[in-house]
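What follows is a set of notes on a single structure, which appears directly below.
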Amino acid sequence: MSSSAAIEVSNLGKVYDSVEAVKNLSLTVQHGEIFGLLGPNGAGKSTTLRILITTLNPTTGTATILGHDVVKEADTVRRLIGYVAQERAIDRFLTGREHLLLFAELYHIPKQEALSRITSLLKLVNLEDDADRVAKGYSGGMKRKLDIACGLLPHPKILFLDEPTLGLDVQSRLNIWEHIRQLQQQGITIVITTNYLDEADQLCDRIAIIDRGEVRAMGSPKDLKASLGGDGVWLTLSDATPEVLDQLTTALQALPFVRAIRPRDNGLDIRVDGPEKALPSIMETTNTIAGCRLDGIEYHRPRLDDVFVAHTGRSLKDEPPASTET
Amino acid sequence: MNEQIQEVLALTNRWVKRLSREKFSMLFTLAQPMIFWLIFFGNLFQKAADIQVLQAPNYMSFLAAGVVVMTVLNNGLAGGIDLLFDKENGFLERLMSTPIKRSSVILSRFLFVMAITGMQILVILAVAFLFGVIPETGLLGITVILLIGMLFGVGLTAISMAMAFTVKSHGDFFSVLGFLSLPMIFLSSALVPLAAMPGWMQALAFFNPMTWVIDAVRPLIIAGWSQALPQVGMALVVLIAFDALCLYGGAKAFKRSVG
C-alpha cells in the first residue's frame with residue numbers, strides 16, 4: 001500500500017457483454033491534484049469512474065482509494081468519497097434542500113450538524129434562494145451546483161465528478177471550474193471525466209488520455225504538449241523549388257532553438273523551443289536565401305488536440321458547449 | 001441496524017414526497033380500480049351475471065374480492081417503475097455510491113408499495129360498502145385480507161424490481177408489464193368463478209397464484225369464516241412458495257445489477 005498516492009489503479013479491465021470497455025488500465029492520482037480522464041464518449045472513462053466509486057466491479061485488476069480496495073473494502077471507500085453525478089441524476093420532484101437532507105440521512109450525519117452543513121453548502125454553491133423550490137424548475141447550472149453540494153455533503157477526501165460541465169453555458173462552466181479550484185485549495189483530491197479539451201487543459205493538473213479503454217498518454221497538459229517537440233512555426237513560401245527548400249532547411253537546422261523541421265504544403269513546419277528569438281531569426285534566415293519569398297508565417301503553441309491526435313491517431317472534436325439551457 | 005432503519009425511512013420518505021407532488025397521477029392511480037372496475041364493471045354486470053353461477057348475493061359483492069386483488073397486482077407490478085427511472089437517470093448510482101446497506105433501497109420500495117396497497121384495499125372495501133357489500137367476517141376478516149394482499153404484493157413487487165434491474169430500456173419494461181397484467185386478470189377468478197370458465201382457461205387459471213389469493217379473499221367478504229379458513233390456509237401456502245421464488249429471483253437480479 002502506497003501512502004503517497006490518493007488513487008492507485010492497476011491493470012484494470014472491464015468486460016460488458018463480451019465488449020472490453022476498459023483494458024489493462026493503470027494510473028495513479030496524487031493527493032490534492034485535479035486529475036482528468038479525457039476521452040471521447042465510449043472511451044471507457046465513465047466505466048473507470050464507476051469502478052472507482054464502487055458501483056461497478058472490475059472484471060480484472062485492482063483499484064485502491066487511499067489504500068482501500070474498491071471491491072473488498074467498498075463500504076470504507078464509500079465513506080471517503082463524494083460523487084457528483086451528471087445533472088440528469090436529480091429527483092425533479094424534490095427541492096434542493098430535500099436532496100441534501102436525504103443524503104445527510106444516508107450518510108448518518110447528526111441532525112444539527114447536517115443542518116449547519118446544508119446551510120453553508122447552499123451558500124457555497126449560491127443556491128440559497130432556490131433551495132426550497134422543486135428541482136424540476138432548475139437550470140442546468142443550478143442542477144450541477146446542487147450535484148456538487150450533494151457530493152460535498154459527506155466531507156469527502158476525494159471528489160469524483162462525471163462530466164461536470166457537460167451541456168452548460170460558458171458562464172456556468174467558468175463558475176463550476178472556479179468551485180472546483182476552491183475545493184482543491186481546501187485539500188480535496190478531485191477526479192473528473194471530460195471530453196472537453198479546454199476543460200482538461202485549463203482545469204486539470206494532470207490528465208490521462210483514454211481511448212478505446214486504454215490509457216494512451218498521461219501527464220500534465222503542459223508536459224504532454226511539450227512532449228510533442230516544442231511550439232510550431234509554419235512557413236508558407238511562394239513558388240519554392242525543392243532546391244530552395246533544401247537550402248532553407250539546412251540553414252534553419254543550424255539555428256540553436258530549432259528542434260525539428262518537417263515539410264508541409266508550400267512550406268515548412270518548424271518545431272522551436274521558444275518563439276521570442278526563433279521568429280526573428282527564422283525570418284532573417286529566410287531572407288538570406290536567394291529565390292526564397294516568404295508568403296506567410298504562423299506561430300502556434302501545441303494544443304491538447306495535437307497531443308490527442310499524436311497518441312490516438314484521431315482528433316477529439318472540441319465541440320463547443322451547448323449554450324441553451326437556462 | 002438502527003442505521004439501516006434510518007436509511008429505509010429516509011428513502012421511503014422520498015417515495016412519499018414524490019407521490020404527493022404528482023397529485024394528478026396519484027389521484028388517477030388511486031381512483032382507477034374503484035371507478036373503472038368496481039363501480040362501472042360491477043354495476044354493468046349486476047343484472048347480466050347469474051347469481052347461481054357466482055354463488056354470491058350479487059355481482060358487486062362477487063367482484064369486490066377481484067378488484068382488491070387486481071389492485072394488489074397492478075401496484076405490485078408497477079412497484080419497480082420508480083427504480084427503473086432511478087436506474088436510467090443515474091440517481092440509483094448516486095445512492096449506491098453512498099455507504100448505505102445495498103438492501104435499503106429495495107426495502108424502502110417494499111415498505112412504500114405495501115403501505116399504498118394497504119390503503120387502497122381499505123378504500124376499495126369502503127366504496128364496496130357504499131354499494132351494500134358488507135364483509136361477512138368483519139374487521140378481523142379485513143385484517144386478514146390486508147395480510148394476504150400484502151403477501152401477494154411482496155412477490156409481485158419483487159418481480160417488478162427484478163425486471164427494472166434487468167431490462168435494457170424502459171420500453172421493454174412497459175411491454176412486459178402490459179403483457180403480464182391483463183392475462184393475469186382474465187386467467188383468474190377475478191371476474192368470473194373458475195367453474196364458469198372454458199376448460200382450458202380453468203386449467204391455466206389454476207396455476208395462476210392470483211386465483212388462489214382471490215379465492216381466499218372472496219369468502220372472507222361474502223361467505224364467512226367456516227368457508228374462508230381452508231381457502232386462506234391454501235392461499236398462505238401458495239403465497240409463501242410464490243414469494244420465496246420471486247424474492248430469490250429478485251435478489252439475484254439485484255445482485256447482478258448493483259454488485
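Residue names in the C-alpha cells use chain letters A, B, ... in the order shown, residue numbers from 1 in each chain, and ligand numbers from 1 in the order shown.
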
I need the contact residues of chain A against chain B, so if you could list those with any atom within 8 Å, counting only C-alpha atoms, and return them as JSON, numbers by chain, that would help. {"A": [53, 54, 55, 56, 57, 75, 76, 78, 79, 82, 83, 84, 85, 86, 88, 89, 90, 91, 93, 94, 102, 105, 106, 107, 108]}

Write out, as CSV, each residue of region 2-48 of chain B that has an atom at most 12 Å from region 121-134 of chain B, together with the closest pair of atoms and their distance in Å to one decimal, counting only C-alpha atoms, rows going by chain and rising number.
```
residue,atom,partner,partner_atom,distance
B:Leu30,CA,B:Val123,CA,8.8
B:Ala31,CA,B:Ile124,CA,9.1
B:Gln32,CA,B:Ile124,CA,10.5
B:Pro33,CA,B:Ile124,CA,8.0
B:Met34,CA,B:Ile124,CA,6.2
B:Ile35,CA,B:Val127,CA,9.6
B:Phe36,CA,B:Ile124,CA,11.7
B:Trp37,CA,B:Ile124,CA,10.3
B:Leu38,CA,B:Ala128,CA,7.5
B:Ile39,CA,B:Ala128,CA,8.4
B:Phe40,CA,B:Phe131,CA,11.9
B:Gly42,CA,B:Ala128,CA,9.6
B:Asn43,CA,B:Phe131,CA,9.4
B:Gln46,CA,B:Phe131,CA,11.4
```

Once you have the residues from the selection above, write them out as an mmCIF file, in the first residue's frame, restricted to N, CA and C atoms.
```cif
data_model
loop_
_atom_site.group_PDB
_atom_site.id
_atom_site.type_symbol
_atom_site.label_atom_id
_atom_site.label_comp_id
_atom_site.auth_asym_id
_atom_site.auth_seq_id
_atom_site.Cartn_x
_atom_site.Cartn_y
_atom_site.Cartn_z
ATOM 1 N N LEU B 30 -54.994 5.989 -7.627
ATOM 2 C CA LEU B 30 -55.821 5.530 -6.516
ATOM 3 C C LEU B 30 -57.257 5.281 -6.963
ATOM 4 N N ALA B 31 -57.758 6.136 -7.847
ATOM 5 C CA ALA B 31 -59.174 6.074 -8.176
ATOM 6 C C ALA B 31 -59.491 5.061 -9.261
ATOM 7 N N GLN B 32 -58.483 4.744 -10.101
ATOM 8 C CA GLN B 32 -58.747 3.925 -11.275
ATOM 9 C C GLN B 32 -59.453 2.594 -10.968
ATOM 10 N N PRO B 33 -58.945 1.783 -10.051
ATOM 11 C CA PRO B 33 -59.612 0.496 -9.822
ATOM 12 C C PRO B 33 -61.042 0.663 -9.306
ATOM 13 N N MET B 34 -61.269 1.699 -8.511
ATOM 14 C CA MET B 34 -62.598 1.896 -7.957
ATOM 15 C C MET B 34 -63.594 2.276 -9.039
ATOM 16 N N ILE B 35 -63.210 3.315 -9.816
ATOM 17 C CA ILE B 35 -64.150 3.834 -10.808
ATOM 18 C C ILE B 35 -64.361 2.817 -11.921
ATOM 19 N N PHE B 36 -63.225 2.381 -12.479
ATOM 20 C CA PHE B 36 -63.303 1.576 -13.685
ATOM 21 C C PHE B 36 -63.896 0.189 -13.408
ATOM 22 N N TRP B 37 -63.265 -0.496 -12.497
ATOM 23 C CA TRP B 37 -63.669 -1.880 -12.287
ATOM 24 C C TRP B 37 -64.855 -2.020 -11.353
ATOM 25 N N LEU B 38 -64.719 -1.497 -10.168
ATOM 26 C CA LEU B 38 -65.747 -1.782 -9.164
ATOM 27 C C LEU B 38 -67.060 -1.105 -9.524
ATOM 28 N N ILE B 39 -67.028 0.208 -9.781
ATOM 29 C CA ILE B 39 -68.283 0.934 -9.975
ATOM 30 C C ILE B 39 -68.883 0.651 -11.351
ATOM 31 N N PHE B 40 -68.082 0.826 -12.421
ATOM 32 C CA PHE B 40 -68.634 0.612 -13.763
ATOM 33 C C PHE B 40 -68.888 -0.871 -14.036
ATOM 34 N N GLY B 42 -68.823 -3.437 -12.060
ATOM 35 C CA GLY B 42 -69.681 -4.053 -11.051
ATOM 36 C C GLY B 42 -71.150 -3.792 -11.334
ATOM 37 N N ASN B 43 -71.501 -2.546 -11.623
ATOM 38 C CA ASN B 43 -72.903 -2.209 -11.870
ATOM 39 C C ASN B 43 -73.372 -2.694 -13.235
ATOM 40 N N GLN B 46 -74.307 -6.268 -12.979
ATOM 41 C CA GLN B 46 -75.154 -6.577 -11.830
ATOM 42 C C GLN B 46 -76.333 -7.465 -12.249
#
```

Among region 27-258 of chain A, which ones does DSSP assign to strand (DSSP E or B) (computed from the backbone)? Answer as a ChimeraX atom specification. /A:27-30,34-38,60-65,68-69,81-84,95,134,158-162,189-194,206-211,214-219,231-238,258

When you look at region 230-232 of chain A with a cut-off of 6 Å (counting only C-alpha atoms), what residues show up, excluding the ones that are within fewer than 2 positions of it in the same chain? I need them as a ChimeraX atom specification. /A:226,270-273,299-302

Go ahead and save the residues from that selection, with all heavy atoms, as a compact mmCIF listing (two decimals), in the first residue's frame.
```txt
# COMPACT_ATOMS: atom_id res chain seq x y z
N ALA A 226 4.49 19.67 -24.40
CA ALA A 226 5.93 19.83 -24.63
C ALA A 226 6.51 18.59 -25.28
O ALA A 226 7.44 18.67 -26.09
CB ALA A 226 6.63 20.13 -23.30
N ILE A 270 8.15 24.01 -38.57
CA ILE A 270 9.37 24.06 -37.76
C ILE A 270 8.98 23.99 -36.28
O ILE A 270 8.10 24.72 -35.84
CB ILE A 270 10.14 25.37 -38.02
CG1 ILE A 270 10.33 25.56 -39.52
CG2 ILE A 270 11.49 25.37 -37.29
CD1 ILE A 270 10.70 26.99 -39.88
N ARG A 271 9.62 23.08 -35.57
CA ARG A 271 9.37 22.99 -34.12
C ARG A 271 10.47 23.73 -33.39
O ARG A 271 11.64 23.45 -33.59
CB ARG A 271 9.34 21.53 -33.68
CG ARG A 271 8.20 20.74 -34.27
CD ARG A 271 6.90 21.05 -33.57
NE ARG A 271 5.76 20.90 -34.47
CZ ARG A 271 4.50 20.96 -34.08
NH1 ARG A 271 4.22 21.22 -32.80
NH2 ARG A 271 3.53 20.81 -34.93
N VAL A 272 10.06 24.70 -32.54
CA VAL A 272 11.08 25.52 -31.87
C VAL A 272 10.85 25.51 -30.36
O VAL A 272 9.79 25.15 -29.89
CB VAL A 272 11.01 26.98 -32.36
CG1 VAL A 272 11.27 27.04 -33.86
CG2 VAL A 272 9.66 27.60 -32.03
N ASP A 273 11.88 25.92 -29.61
CA ASP A 273 11.78 25.92 -28.15
C ASP A 273 11.04 27.13 -27.61
O ASP A 273 10.32 27.04 -26.64
CB ASP A 273 13.17 25.83 -27.52
CG ASP A 273 13.63 24.38 -27.44
OD1 ASP A 273 12.73 23.51 -27.43
OD2 ASP A 273 14.84 24.14 -27.42
N TYR A 299 2.46 31.12 -36.12
CA TYR A 299 3.05 30.52 -34.93
C TYR A 299 1.92 29.96 -34.08
O TYR A 299 0.88 30.61 -33.89
CB TYR A 299 3.81 31.59 -34.16
CG TYR A 299 4.08 31.23 -32.72
CD1 TYR A 299 5.09 30.32 -32.42
CD2 TYR A 299 3.30 31.74 -31.70
CE1 TYR A 299 5.31 29.95 -31.12
CE2 TYR A 299 3.53 31.37 -30.40
CZ TYR A 299 4.53 30.47 -30.10
OH TYR A 299 4.74 30.10 -28.81
N HIS A 300 2.08 28.75 -33.60
CA HIS A 300 1.07 28.29 -32.62
C HIS A 300 1.69 27.37 -31.59
O HIS A 300 2.60 26.60 -31.86
CB HIS A 300 -0.13 27.63 -33.31
CG HIS A 300 0.17 26.30 -33.93
ND1 HIS A 300 0.07 25.14 -33.24
CD2 HIS A 300 0.57 25.97 -35.19
CE1 HIS A 300 0.39 24.13 -34.02
NE2 HIS A 300 0.71 24.61 -35.21
N ARG A 301 1.12 27.50 -30.37
CA ARG A 301 1.55 26.60 -29.31
C ARG A 301 0.88 25.26 -29.56
O ARG A 301 -0.20 25.22 -30.13
CB ARG A 301 1.09 27.15 -27.95
CG ARG A 301 1.46 28.60 -27.72
CD ARG A 301 1.05 28.99 -26.31
NE ARG A 301 1.94 28.39 -25.34
CZ ARG A 301 3.07 28.97 -24.93
NH1 ARG A 301 3.40 30.16 -25.41
NH2 ARG A 301 3.84 28.39 -24.05
N PRO A 302 1.50 24.19 -29.15
CA PRO A 302 0.83 22.90 -29.36
C PRO A 302 -0.44 22.86 -28.52
O PRO A 302 -0.44 23.29 -27.37
CB PRO A 302 1.85 21.87 -28.90
CG PRO A 302 2.88 22.62 -28.15
CD PRO A 302 2.78 24.06 -28.49
```

Enter the distance from CA of Ser189 (chain B) to CA of Trp225 (chain B), in Å, rounded to one decimal. 19.7 Å

Using DSSP assignments from the backbone, pull out every residue in region 109-232 of chain B that falls under helix (DSSP H, G or I) and give it to me as an MDAnalysis selection string. chainID B and resid 109:130 138:166 170:186 194:196 199:206 209:222 225:232

Test item: residues at most 12 Å from Leu140 (chain B), only C-alpha atoms, excluding those fewer than 3 positions along its chain, as a ChimeraX atom specification: /B:135-137,143-147,220-221,224-225

Using N, CA, C and O atoms, can you export the residues from the last selection as a tab-separated table (two decimals), in the first residue's frame?
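File part-v5.tsv, as written:
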```tsv
chain	number	residue	atom	x	y	z
B	135	PRO	N	-68.46	-6.95	4.49
B	135	PRO	CA	-67.66	-8.17	4.68
B	135	PRO	C	-68.23	-9.02	5.81
B	135	PRO	O	-68.42	-8.55	6.92
B	136	GLU	N	-68.47	-10.30	5.48
B	136	GLU	CA	-69.09	-11.22	6.44
B	136	GLU	C	-68.19	-11.46	7.64
B	136	GLU	O	-68.68	-11.79	8.73
B	137	THR	N	-66.91	-11.37	7.48
B	137	THR	CA	-66.00	-11.75	8.57
B	137	THR	C	-65.55	-10.54	9.39
B	137	THR	O	-64.66	-10.64	10.24
B	143	THR	N	-58.60	-7.44	8.23
B	143	THR	CA	-57.16	-7.54	8.57
B	143	THR	C	-56.51	-8.69	7.80
B	143	THR	O	-55.41	-8.56	7.28
B	144	VAL	N	-57.24	-9.82	7.74
B	144	VAL	CA	-56.68	-10.98	7.02
B	144	VAL	C	-56.55	-10.64	5.52
B	144	VAL	O	-55.58	-11.00	4.88
B	145	ILE	N	-57.55	-9.92	4.99
B	145	ILE	CA	-57.48	-9.52	3.57
B	145	ILE	C	-56.23	-8.67	3.32
B	145	ILE	O	-55.49	-8.88	2.36
B	146	LEU	N	-56.00	-7.72	4.23
B	146	LEU	CA	-54.81	-6.86	4.10
B	146	LEU	C	-53.54	-7.71	4.11
B	146	LEU	O	-52.63	-7.52	3.30
B	147	LEU	N	-53.50	-8.66	5.04
B	147	LEU	CA	-52.31	-9.50	5.18
B	147	LEU	C	-52.06	-10.31	3.91
B	147	LEU	O	-50.94	-10.34	3.38
B	220	LEU	N	-64.02	-14.42	2.51
B	220	LEU	CA	-63.91	-13.52	3.67
B	220	LEU	C	-64.93	-12.38	3.53
B	220	LEU	O	-65.43	-11.85	4.52
B	221	ILE	N	-65.24	-12.02	2.28
B	221	ILE	CA	-66.20	-10.92	2.06
B	221	ILE	C	-67.64	-11.44	2.00
B	221	ILE	O	-68.52	-10.89	2.64
B	224	GLY	N	-68.04	-16.26	5.02
B	224	GLY	CA	-67.87	-16.34	6.47
B	224	GLY	C	-66.67	-17.20	6.80
B	224	GLY	O	-66.07	-17.80	5.90
B	225	TRP	N	-66.30	-17.25	8.08
B	225	TRP	CA	-65.06	-17.91	8.47
B	225	TRP	C	-65.01	-19.39	8.09
B	225	TRP	O	-63.96	-19.86	7.63
```

Grab the CA of Phe257 (chain A) to CA of Pro275 (chain A) distance for me, in Å with one decimal place. 9.2 Å

Using only C-alpha atoms, pick whichever of A:Ser281, A:Gln202, A:Ala21, A:Ala240 has the shortest atom-to-atom distance to Pro256 (chain A). A:Ser281

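For the pair CA of Arg206 (chain A) and CA of Val29 (chain A), the separation is 8.5 Å.
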
Residues near Gly39 (chain A), anyone? I mean within 12 Å using only C-alpha atoms, not counting same-chain ones fewer than 6 positions away, as a PyMOL selection string. chain A and resi 45-48+163+192-197+199-200+207-218+304-305+307-309+311-312+314-318

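Residues within 7 Å of Gly79 (chain B), counting only C-alpha atoms and excluding same-chain residues fewer than 5 positions away, are Val113, Thr157, Ser160 and Met161 of chain B.
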